[in-house]
Each structure stands twice: as C-alpha cells, then as structure tokens.
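Enquirer: Next comes the structure file structure_18.cif, holding mmCIF, C-alpha atoms; chains and numbers go by the auth columns.
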data_upload
#
loop_
_atom_site.group_PDB
_atom_site.id
_atom_site.type_symbol
_atom_site.label_atom_id
_atom_site.label_comp_id
_atom_site.label_asym_id
_atom_site.label_seq_id
_atom_site.Cartn_x
_atom_site.Cartn_y
_atom_site.Cartn_z
_atom_site.B_iso_or_equiv
_atom_site.auth_seq_id
_atom_site.auth_asym_id
ATOM 1 C CA MET A 1 77.814 65.038 50.529 0.00 1 A
ATOM 2 C CA SER A 2 80.964 65.005 52.682 0.00 2 A
ATOM 3 C CA GLU A 3 80.491 61.344 53.587 0.00 3 A
ATOM 4 C CA GLU A 4 80.052 60.423 49.968 0.00 4 A
ATOM 5 C CA MET A 5 83.215 62.356 49.102 0.00 5 A
ATOM 6 C CA MET A 6 85.267 60.309 51.522 0.00 6 A
ATOM 7 C CA ASP A 7 84.178 57.130 49.802 0.00 7 A
ATOM 8 C CA ASP A 8 86.799 55.788 47.401 0.00 8 A
ATOM 9 C CA GLU A 9 84.007 54.496 45.199 0.00 9 A
ATOM 10 C CA VAL A 10 82.736 57.955 44.334 0.00 10 A
ATOM 11 C CA VAL A 11 82.618 58.561 40.588 0.00 11 A
ATOM 12 C CA LYS A 12 82.748 62.148 39.403 0.00 12 A
ATOM 13 C CA LYS A 13 82.191 63.580 35.975 0.00 13 A
ATOM 14 C CA MET A 14 85.559 64.930 34.926 0.00 14 A
ATOM 15 C CA ALA A 15 86.169 66.894 31.750 0.00 15 A
ATOM 16 C CA TYR A 16 89.472 67.833 30.221 0.00 16 A
ATOM 17 C CA ILE A 17 89.374 70.810 27.872 0.00 17 A
ATOM 18 C CA ASN A 18 92.171 70.861 25.321 0.00 18 A
ATOM 19 C CA ARG A 19 92.526 74.219 23.592 0.00 19 A
ATOM 20 C CA ARG A 20 96.139 74.304 22.404 0.00 20 A
ATOM 21 C CA ALA A 21 97.916 73.098 19.275 0.00 21 A
ATOM 22 C CA PRO A 22 99.892 69.885 19.910 0.00 22 A
ATOM 23 C CA TYR A 23 103.275 71.551 19.405 0.00 23 A
ATOM 24 C CA GLY A 24 104.462 75.063 20.170 0.00 24 A
ATOM 25 C CA SER A 25 103.757 74.588 23.861 0.00 25 A
ATOM 26 C CA ILE A 26 103.702 71.579 26.168 0.00 26 A
ATOM 27 C CA TYR A 27 100.081 71.936 27.311 0.00 27 A
ATOM 28 C CA ALA A 28 98.675 69.253 24.987 0.00 28 A
ATOM 29 C CA LEU A 29 101.264 66.631 25.915 0.00 29 A
ATOM 30 C CA GLU A 30 101.059 67.283 29.638 0.00 30 A
ATOM 31 C CA SER A 31 97.263 67.256 29.475 0.00 31 A
ATOM 32 C CA LEU A 32 97.395 63.828 27.888 0.00 32 A
ATOM 33 C CA GLU A 33 99.668 62.667 30.717 0.00 33 A
ATOM 34 C CA VAL A 34 97.027 63.707 33.256 0.00 34 A
ATOM 35 C CA VAL A 35 94.339 61.849 31.299 0.00 35 A
ATOM 36 C CA LEU A 36 96.411 58.647 31.226 0.00 36 A
ATOM 37 C CA ILE A 37 97.210 58.752 34.945 0.00 37 A
ATOM 38 C CA GLY A 38 93.648 59.819 35.763 0.00 38 A
ATOM 39 C CA ALA A 39 92.233 56.809 33.919 0.00 39 A
ATOM 40 C CA ALA A 40 93.382 54.603 36.811 0.00 40 A
ATOM 41 C CA PHE A 41 90.851 56.347 39.068 0.00 41 A
ATOM 42 C CA ASP A 42 87.830 55.014 37.126 0.00 42 A
ATOM 43 C CA GLN A 43 86.039 58.345 36.898 0.00 43 A
ATOM 44 C CA ASP A 44 83.470 59.396 34.285 0.00 44 A
ATOM 45 C CA VAL A 45 85.899 61.126 31.920 0.00 45 A
ATOM 46 C CA SER A 46 85.169 63.352 28.916 0.00 46 A
ATOM 47 C CA LEU A 47 87.771 64.921 26.669 0.00 47 A
ATOM 48 C CA ILE A 48 86.889 68.092 24.832 0.00 48 A
ATOM 49 C CA PHE A 49 88.915 69.509 21.961 0.00 49 A
ATOM 50 C CA ALA A 50 88.295 73.105 20.977 0.00 50 A
ATOM 51 C CA ASP A 51 90.099 76.060 19.406 0.00 51 A
ATOM 52 C CA ASP A 52 93.564 74.958 18.191 0.00 52 A
ATOM 53 C CA GLY A 53 93.148 71.889 20.430 0.00 53 A
ATOM 54 C CA VAL A 54 91.401 70.170 17.515 0.00 54 A
ATOM 55 C CA PHE A 55 94.809 69.951 15.808 0.00 55 A
ATOM 56 C CA GLN A 56 95.929 67.531 18.535 0.00 56 A
ATOM 57 C CA LEU A 57 93.822 64.860 16.828 0.00 57 A
ATOM 58 C CA LYS A 58 94.953 65.642 13.272 0.00 58 A
ATOM 59 C CA LYS A 59 96.092 62.675 11.189 0.00 59 A
ATOM 60 C CA ASP A 60 99.546 62.489 9.566 0.00 60 A
ATOM 61 C CA GLN A 61 101.480 64.632 12.005 0.00 61 A
ATOM 62 C CA GLU A 62 105.111 64.888 10.864 0.00 62 A
ATOM 63 C CA THR A 63 107.281 66.125 13.711 0.00 63 A
ATOM 64 C CA ALA A 64 110.798 65.043 12.748 0.00 64 A
ATOM 65 C CA GLY A 65 111.548 68.500 11.375 0.00 65 A
ATOM 66 C CA ILE A 66 110.954 70.165 14.729 0.00 66 A
ATOM 67 C CA ASP A 67 112.705 67.419 16.750 0.00 67 A
ATOM 68 C CA MET A 68 109.576 66.625 18.752 0.00 68 A
ATOM 69 C CA LYS A 69 108.021 63.276 19.491 0.00 69 A
ATOM 70 C CA ASN A 70 104.773 62.738 17.595 0.00 70 A
ATOM 71 C CA PHE A 71 102.464 61.746 20.440 0.00 71 A
ATOM 72 C CA SER A 72 99.245 61.666 18.398 0.00 72 A
ATOM 73 C CA PRO A 73 99.168 57.803 18.295 0.00 73 A
ATOM 74 C CA THR A 74 98.563 57.907 22.055 0.00 74 A
ATOM 75 C CA TYR A 75 95.058 59.270 21.462 0.00 75 A
ATOM 76 C CA ARG A 76 94.264 55.994 19.705 0.00 76 A
ATOM 77 C CA ALA A 77 95.273 54.134 22.887 0.00 77 A
ATOM 78 C CA LEU A 78 92.803 56.024 25.069 0.00 78 A
ATOM 79 C CA GLU A 79 90.140 53.428 24.335 0.00 79 A
ATOM 80 C CA MET A 80 92.241 50.833 26.171 0.00 80 A
ATOM 81 C CA TYR A 81 92.158 53.102 29.206 0.00 81 A
ATOM 82 C CA ASP A 82 88.334 53.253 28.971 0.00 82 A
ATOM 83 C CA VAL A 83 88.519 56.901 27.971 0.00 83 A
ATOM 84 C CA GLU A 84 85.936 56.829 25.211 0.00 84 A
ATOM 85 C CA LYS A 85 84.064 60.109 25.370 0.00 85 A
ATOM 86 C CA LEU A 86 85.894 62.404 23.000 0.00 86 A
ATOM 87 C CA TYR A 87 84.092 65.559 21.904 0.00 87 A
ATOM 88 C CA VAL A 88 85.245 68.044 19.293 0.00 88 A
ATOM 89 C CA SER A 89 83.965 71.554 18.711 0.00 89 A
ATOM 90 C CA LYS A 90 82.121 71.803 15.405 0.00 90 A
ATOM 91 C CA GLU A 91 82.877 75.514 15.097 0.00 91 A
ATOM 92 C CA SER A 92 86.596 75.020 15.796 0.00 92 A
ATOM 93 C CA MET A 93 86.773 72.267 13.158 0.00 93 A
ATOM 94 C CA THR A 94 84.983 74.376 10.564 0.00 94 A
ATOM 95 C CA GLU A 95 87.134 77.444 11.208 0.00 95 A
ATOM 96 C CA ARG A 96 90.232 75.326 10.557 0.00 96 A
ATOM 97 C CA GLY A 97 88.915 73.497 7.520 0.00 97 A
ATOM 98 C CA LEU A 98 88.901 70.118 9.256 0.00 98 A
ATOM 99 C CA SER A 99 86.407 67.281 9.016 0.00 99 A
ATOM 100 C CA GLU A 100 85.993 64.096 11.034 0.00 100 A
ATOM 101 C CA ASP A 101 87.973 62.177 8.399 0.00 101 A
ATOM 102 C CA ASP A 102 91.044 64.255 9.262 0.00 102 A
ATOM 103 C CA LEU A 103 91.201 62.895 12.816 0.00 103 A
ATOM 104 C CA VAL A 104 93.134 59.914 14.233 0.00 104 A
ATOM 105 C CA VAL A 105 90.270 58.733 16.464 0.00 105 A
ATOM 106 C CA ASP A 106 86.497 58.462 16.435 0.00 106 A
ATOM 107 C CA VAL A 107 84.951 61.490 18.078 0.00 107 A
ATOM 108 C CA GLU A 108 81.578 63.036 18.606 0.00 108 A
ATOM 109 C CA ILE A 109 81.238 66.454 16.997 0.00 109 A
ATOM 110 C CA LYS A 110 79.287 68.919 19.114 0.00 110 A
ATOM 111 C CA THR A 111 78.402 72.568 18.664 0.00 111 A
ATOM 112 C CA ASP A 112 79.885 75.010 21.161 0.00 112 A
ATOM 113 C CA ALA A 113 76.407 75.417 22.665 0.00 113 A
ATOM 114 C CA GLU A 114 76.194 71.647 23.185 0.00 114 A
ATOM 115 C CA LEU A 115 79.683 71.629 24.687 0.00 115 A
ATOM 116 C CA ALA A 116 78.608 74.375 27.080 0.00 116 A
ATOM 117 C CA ASP A 117 75.738 72.155 28.258 0.00 117 A
ATOM 118 C CA LEU A 118 78.156 69.253 28.648 0.00 118 A
ATOM 119 C CA LEU A 119 80.484 71.392 30.781 0.00 119 A
ATOM 120 C CA ASP A 120 77.527 72.536 32.852 0.00 120 A
ATOM 121 C CA ASP A 121 76.968 68.907 33.755 0.00 121 A
ATOM 122 C CA GLN A 122 80.540 68.222 35.014 0.00 122 A
ATOM 123 C CA ASP A 123 81.793 67.965 38.593 0.00 123 A
ATOM 124 C CA VAL A 124 85.423 68.750 37.760 0.00 124 A
ATOM 125 C CA ILE A 125 86.870 70.602 34.779 0.00 125 A
ATOM 126 C CA PHE A 126 90.579 70.600 33.991 0.00 126 A
ATOM 127 C CA SER A 127 91.525 73.190 31.422 0.00 127 A
ATOM 128 C CA PHE A 128 94.730 72.949 29.390 0.00 128 A
ATOM 129 C CA MET B 1 83.763 74.498 51.147 0.00 1 B
ATOM 130 C CA LYS B 2 86.742 72.340 50.211 0.00 2 B
ATOM 131 C CA PHE B 3 88.920 73.771 47.420 0.00 3 B
ATOM 132 C CA THR B 4 91.784 72.498 45.302 0.00 4 B
ATOM 133 C CA VAL B 5 93.851 75.024 43.375 0.00 5 B
ATOM 134 C CA GLN B 6 95.849 74.142 40.289 0.00 6 B
ATOM 135 C CA VAL B 7 98.692 76.448 39.207 0.00 7 B
ATOM 136 C CA ASN B 8 99.735 76.071 35.584 0.00 8 B
ATOM 137 C CA GLU B 9 102.039 79.036 34.983 0.00 9 B
ATOM 138 C CA GLY B 10 105.410 80.168 36.241 0.00 10 B
ATOM 139 C CA PRO B 11 106.217 82.959 38.706 0.00 11 B
ATOM 140 C CA TYR B 12 106.867 86.520 37.461 0.00 12 B
ATOM 141 C CA GLN B 13 106.136 85.378 33.890 0.00 13 B
ATOM 142 C CA HIS B 14 102.391 85.120 34.287 0.00 14 B
ATOM 143 C CA GLN B 15 99.630 86.639 36.393 0.00 15 B
ATOM 144 C CA ALA B 16 98.159 83.174 36.967 0.00 16 B
ATOM 145 C CA ALA B 17 100.881 82.407 39.524 0.00 17 B
ATOM 146 C CA ASP B 18 99.964 85.532 41.504 0.00 18 B
ATOM 147 C CA SER B 19 96.212 85.093 41.137 0.00 19 B
ATOM 148 C CA ALA B 20 96.420 81.503 42.369 0.00 20 B
ATOM 149 C CA TYR B 21 98.181 82.689 45.501 0.00 21 B
ATOM 150 C CA GLN B 22 95.774 85.581 46.090 0.00 22 B
ATOM 151 C CA PHE B 23 92.805 83.268 45.583 0.00 23 B
ATOM 152 C CA THR B 24 94.165 80.608 47.950 0.00 24 B
ATOM 153 C CA LYS B 25 94.833 83.233 50.602 0.00 25 B
ATOM 154 C CA ALA B 26 91.340 84.695 50.217 0.00 26 B
ATOM 155 C CA VAL B 27 89.734 81.243 50.419 0.00 27 B
ATOM 156 C CA LEU B 28 91.564 80.534 53.684 0.00 28 B
ATOM 157 C CA GLU B 29 90.705 83.957 55.117 0.00 29 B
ATOM 158 C CA LYS B 30 87.032 83.252 54.429 0.00 30 B
ATOM 159 C CA GLY B 31 87.317 80.122 56.539 0.00 31 B
ATOM 160 C CA HIS B 32 87.198 77.566 53.736 0.00 32 B
ATOM 161 C CA GLU B 33 89.429 74.533 53.488 0.00 33 B
ATOM 162 C CA VAL B 34 92.160 74.131 50.871 0.00 34 B
ATOM 163 C CA PHE B 35 92.604 70.420 50.286 0.00 35 B
ATOM 164 C CA ARG B 36 95.633 70.834 48.045 0.00 36 B
ATOM 165 C CA VAL B 37 97.496 73.227 45.768 0.00 37 B
ATOM 166 C CA PHE B 38 98.833 71.394 42.730 0.00 38 B
ATOM 167 C CA PHE B 39 101.621 72.852 40.582 0.00 39 B
ATOM 168 C CA TYR B 40 101.733 71.720 36.963 0.00 40 B
ATOM 169 C CA HIS B 41 103.269 72.788 33.616 0.00 41 B
ATOM 170 C CA ASP B 42 105.561 75.805 34.245 0.00 42 B
ATOM 171 C CA GLY B 43 103.710 76.207 37.543 0.00 43 B
ATOM 172 C CA VAL B 44 106.332 73.888 39.066 0.00 44 B
ATOM 173 C CA ASN B 45 108.775 76.819 38.848 0.00 45 B
ATOM 174 C CA ASN B 46 106.877 78.378 41.757 0.00 46 B
ATOM 175 C CA ALA B 47 108.605 75.760 43.915 0.00 47 B
ATOM 176 C CA THR B 48 112.318 76.464 43.451 0.00 48 B
ATOM 177 C CA ASN B 49 114.199 77.966 46.381 0.00 49 B
ATOM 178 C CA LEU B 50 116.810 79.380 43.983 0.00 50 B
ATOM 179 C CA THR B 51 114.415 82.188 43.079 0.00 51 B
ATOM 180 C CA THR B 52 115.911 85.600 43.906 0.00 52 B
ATOM 181 C CA PRO B 53 113.672 88.488 42.867 0.00 53 B
ATOM 182 C CA PRO B 54 114.686 92.146 43.349 0.00 54 B
ATOM 183 C CA GLN B 55 114.309 93.174 46.984 0.00 55 B
ATOM 184 C CA ASP B 56 111.505 95.637 46.314 0.00 56 B
ATOM 185 C CA ASP B 57 109.372 92.984 44.589 0.00 57 B
ATOM 186 C CA ARG B 58 107.083 90.288 46.023 0.00 58 B
ATOM 187 C CA HIS B 59 108.704 86.906 46.639 0.00 59 B
ATOM 188 C CA VAL B 60 106.341 84.486 44.913 0.00 60 B
ATOM 189 C CA VAL B 61 108.035 81.330 46.197 0.00 61 B
ATOM 190 C CA ASN B 62 108.540 82.370 49.822 0.00 62 B
ATOM 191 C CA ARG B 63 104.984 83.650 49.889 0.00 63 B
ATOM 192 C CA TRP B 64 103.693 80.119 49.228 0.00 64 B
ATOM 193 C CA SER B 65 106.084 78.627 51.809 0.00 65 B
ATOM 194 C CA GLU B 66 104.857 81.066 54.453 0.00 66 B
ATOM 195 C CA LEU B 67 101.195 80.450 53.633 0.00 67 B
ATOM 196 C CA ALA B 68 101.802 76.698 53.782 0.00 68 B
ATOM 197 C CA LYS B 69 103.428 76.976 57.186 0.00 69 B
ATOM 198 C CA GLU B 70 100.659 79.163 58.538 0.00 70 B
ATOM 199 C CA HIS B 71 97.785 76.983 57.303 0.00 71 B
ATOM 200 C CA ASP B 72 99.437 73.567 57.025 0.00 72 B
ATOM 201 C CA LEU B 73 98.822 73.607 53.261 0.00 73 B
ATOM 202 C CA ASP B 74 99.598 70.642 51.026 0.00 74 B
ATOM 203 C CA LEU B 75 101.656 72.116 48.164 0.00 75 B
ATOM 204 C CA VAL B 76 102.257 69.381 45.597 0.00 76 B
ATOM 205 C CA VAL B 77 104.570 69.657 42.605 0.00 77 B
ATOM 206 C CA CYS B 78 104.007 67.226 39.736 0.00 78 B
ATOM 207 C CA VAL B 79 107.031 64.947 39.470 0.00 79 B
ATOM 208 C CA ALA B 80 106.957 64.554 35.676 0.00 80 B
ATOM 209 C CA ALA B 81 106.638 68.295 35.088 0.00 81 B
ATOM 210 C CA ALA B 82 109.295 68.962 37.755 0.00 82 B
ATOM 211 C CA GLN B 83 111.799 66.547 36.219 0.00 83 B
ATOM 212 C CA ARG B 84 111.518 68.281 32.855 0.00 84 B
ATOM 213 C CA ARG B 85 112.080 71.690 34.413 0.00 85 B
ATOM 214 C CA GLY B 86 114.753 70.897 36.978 0.00 86 B
ATOM 215 C CA ILE B 87 112.808 71.073 40.221 0.00 87 B
ATOM 216 C CA VAL B 88 114.411 68.509 42.509 0.00 88 B
ATOM 217 C CA ASP B 89 113.972 67.284 46.083 0.00 89 B
ATOM 218 C CA GLU B 90 116.309 65.006 48.013 0.00 90 B
ATOM 219 C CA GLY B 91 114.708 61.801 46.764 0.00 91 B
ATOM 220 C CA GLU B 92 114.635 62.916 43.139 0.00 92 B
ATOM 221 C CA ALA B 93 118.253 64.102 43.373 0.00 93 B
ATOM 222 C CA LYS B 94 119.333 60.684 44.578 0.00 94 B
ATOM 223 C CA ARG B 95 117.198 58.790 42.059 0.00 95 B
ATOM 224 C CA ASN B 96 118.452 60.798 39.101 0.00 96 B
ATOM 225 C CA SER B 97 122.042 61.265 40.315 0.00 97 B
ATOM 226 C CA LYS B 98 121.814 65.031 40.656 0.00 98 B
ATOM 227 C CA ASP B 99 124.238 66.804 42.958 0.00 99 B
ATOM 228 C CA ALA B 100 121.738 69.399 44.219 0.00 100 B
ATOM 229 C CA GLU B 101 118.137 69.879 45.277 0.00 101 B
ATOM 230 C CA ASN B 102 116.103 73.061 45.033 0.00 102 B
ATOM 231 C CA ILE B 103 112.604 72.346 46.320 0.00 103 B
ATOM 232 C CA ALA B 104 111.407 75.230 48.509 0.00 104 B
ATOM 233 C CA ASP B 105 110.111 74.771 52.061 0.00 105 B
ATOM 234 C CA GLY B 106 106.556 73.522 52.323 0.00 106 B
ATOM 235 C CA PHE B 107 106.436 71.957 48.837 0.00 107 B
ATOM 236 C CA ARG B 108 106.572 68.254 48.078 0.00 108 B
ATOM 237 C CA ILE B 109 107.041 66.387 44.803 0.00 109 B
ATOM 238 C CA SER B 110 104.485 63.730 43.925 0.00 110 B
ATOM 239 C CA GLY B 111 102.534 62.236 41.039 0.00 111 B
ATOM 240 C CA LEU B 112 99.625 63.343 38.881 0.00 112 B
ATOM 241 C CA GLY B 113 97.380 60.989 40.811 0.00 113 B
ATOM 242 C CA GLN B 114 97.427 63.628 43.539 0.00 114 B
ATOM 243 C CA LEU B 115 95.644 66.016 41.186 0.00 115 B
ATOM 244 C CA ILE B 116 92.934 63.513 40.281 0.00 116 B
ATOM 245 C CA GLU B 117 92.485 62.508 43.920 0.00 117 B
ATOM 246 C CA ALA B 118 92.160 66.195 44.813 0.00 118 B
ATOM 247 C CA GLY B 119 89.465 66.531 42.139 0.00 119 B
ATOM 248 C CA ILE B 120 87.569 63.644 43.675 0.00 120 B
ATOM 249 C CA GLN B 121 87.923 64.849 47.267 0.00 121 B
ATOM 250 C CA SER B 122 87.270 68.572 46.767 0.00 122 B
ATOM 251 C CA ASP B 123 84.043 70.458 46.204 0.00 123 B
ATOM 252 C CA ARG B 124 85.750 72.786 43.711 0.00 124 B
ATOM 253 C CA VAL B 125 88.879 72.611 41.568 0.00 125 B
ATOM 254 C CA VAL B 126 89.996 76.051 40.437 0.00 126 B
ATOM 255 C CA VAL B 127 92.583 76.143 37.641 0.00 127 B
ATOM 256 C CA PHE B 128 94.858 79.155 37.174 0.00 128 B
ATOM 257 C CA GLY B 129 96.499 79.225 33.769 0.00 129 B
ATOM 258 C CA ASP B 130 96.810 80.903 30.437 0.00 130 B
#
How does this structure look as structure tokens?

Expert:
Amino acid sequence: MSEEMMDDEVVKKMAYINRRAPYGSIYALESLEVVLIGAAFDQDVSLIFADDGVFQLKKDQETAGIDMKNFSPTYRALEMYDVEKLYVSKESMTERGLSEDDLVVDVEIKTDAELADLLDDQDVIFSF
Amino acid sequence: MKFTVQVNEGPYQHQAADSAYQFTKAVLEKGHEVFRVFFYHDGVNNATNLTTPPQDDRHVVNRWSELAKEHDLDLVVCVAAAQRRGIVDEGEAKRNSKDAENIADGFRISGLGQLIEAGIQSDRVVVFGD
C-alpha cells in the first residue's frame, strides 16, 4: 500500500460531513473552502449534509440583516468543480420540515443508515 | 501507521486542542509516523506565540513547538483561516503590510491543499473538533 500511496495518481474516497447551520459559526463556510481547494486534487469526493448542516443548502437565504455574505450560490458551482455527489440526511430534513424542493442544488436523499454505510466505504472523512 | 491530525478548535477554549496534542504525542510514543498536523478554523489560534497562560497551567502553544522540535513534526496552519484570525508569519506580514508577526516556533503557514495532500498520503486522518 505504501508504494501506491506515494503515487500522485492515487484516488481516495473522501467525504466531507457538514453538520452545522450556515451562519452562527464559520464551520460551513470554511468547510466549503476545503471542498473547493480539494477539488483540484481529483479525488472521489462526497459531500454529506446532516443535522443543521441541511440548512446550508436551503433556498432563499437572506443574510443582509446579519451582515454576512450569502455563500449558498457557491453550492450550485460545485458541479463545475466535478463535485457531484451530494447526499442529504432524510431524517435531518424531516425533523426540520424540509423537502428536496427547498434546496438550491440537486441532491440524493439517504437515510442515516445508508449514510453510515457510505461513510464505512470512505478512505478519508473530514468532519465540519 | 502514518497519521495526519486535524485541529479545529482553539486553545484553552476547547478540549479538542488538548486531545489533539495528547493523541499526537501518544501516536509518536507508539512508534507511528505523524505525516502532518493541520490547524484549521479556530485551531489556528494554537499557533500564536503571544499566548501567555497562567504559570501554573499547561502551555498549549509551547507544547506543540517542543513536540515539533523533538519529532521534526510538520505543523501547518491554514493561511485563509489564519488571515481571518490574525495569525501572521514574516511572509504574510510583508504581503499584507502588517507591522508584526506572531507565528510560534515550529509552525508554518500554508494552504488548504496541504490538508488534502495529507489525506491522500496518510493511512488515517483524525479530526479533533466540536
């Protein structure tokens, strides 16, 4: 395995777990910055949104009142970076009264059990 | 085994900063390799040499510097997160016209690519955060 690791061509399965609301703390924004930079490394990337992290993808974010930049349009640009595997927790959506129509991007809805299987399959997990 | 450690929380505020250090130390004592320690979010505050805790308390910053010196550790502070929070080395001070620098010994400022590269090169990435 060590020889393979030294090879620049190695492609790992990398998942980013986003669990925080988009505002209130900087985790969501700085997670997105890692995803954008990481896209240059051509890895097999999955983004997972769970808990309050599902709010990161909510349509119609109005942030002028809290003097923060609305960075939700950036999620729509992820496709251009070949980051296309976006998964959202079904349970987290339901608990918050959200449906797929409320989101700014196309996602795949998965149950928490399915997400657990997905995480099981990853080489690297970044948690934000 | 080859480890990378990510530190996402600030010193004294959050246990994660202590646990990351304790874990890194334990990994090294067990004879494993630490490819890199990457400081992100408020974790970059672990890298300021202006930190002055009470004398009877642990010194979170110096502790990292000493461990780095002893084991030739690569302690990397994310530049974007550092700029937001005022962690500055000589190059950053010059680039952004600041009249001071505060990066502690053994730390270096670099980009997020260093985190991804560490993920590719290491057998395990262990994230310490909230």

Enquirer: Go through chain A and flag each residue having an atom no more than 8 Å from chain B; for those, report the closest pair of atoms plus their distance in Å to one decimal, using only C-alpha atoms, ordered by chain and rising number, as CSV.

Expert:
residue,atom,partner,partner_atom,distance
A:Met5,CA,B:Gln121,CA,5.6
A:Met6,CA,B:Gln121,CA,6.8
A:Val10,CA,B:Ile120,CA,7.5
A:Val11,CA,B:Ile120,CA,7.7
A:Lys12,CA,B:Ile120,CA,6.6
A:Ile26,CA,B:His41,CA,7.6
A:Tyr27,CA,B:His41,CA,7.1
A:Glu30,CA,B:His41,CA,7.1
A:Val34,CA,B:Leu112,CA,6.2
A:Ile37,CA,B:Gly113,CA,6.3
A:Gly38,CA,B:Ile116,CA,5.9
A:Phe41,CA,B:Ile116,CA,7.6
A:Val124,CA,B:Gly119,CA,6.4
A:Ile125,CA,B:Val125,CA,7.4
A:Phe126,CA,B:Val127,CA,6.9
A:Ser127,CA,B:Val127,CA,7.0
A:Phe128,CA,B:Gly129,CA,7.9

Enquirer: Suppose a student applies the PyMOL selection byres ((chain A and resi 95) around 12) to this structure; what residues should they get, written as a list in words?

Expert: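 Applied to this file, the PyMOL selection byres ((chain A and resi 95) around 12) returns Ala50, Asp51, Asp52, Val54, Phe55, Ser89, Lys90, Glu91, Ser92, Met93, Thr94, Arg96, Gly97, Leu98 and Ser99 of chain A.
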
Enquirer: In terms of the shortest atom-to-atom distance over only C-alpha atoms, which of B:His71, B:Lys94, B:His59, B:Arg36 is closest to B:Arg108?

Expert: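 Closest to B:Arg108 of all the choices is B:Arg36.
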
Enquirer: One number please: atom CA of A:Glu84 to atom CA of A:Tyr23, in Å, one decimal.

Expert: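 One can read the atom CA of A:Glu84 to atom CA of A:Tyr23 distance as 23.5 Å.
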
Enquirer: So, with all atoms listed in the file as the atoms that count, which of B:Val60, B:Ala47, B:Gln55, B:Gln15 lies closest to B:Phe107?

Expert: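 Under the stated criterion, the closest residue is B:Ala47.
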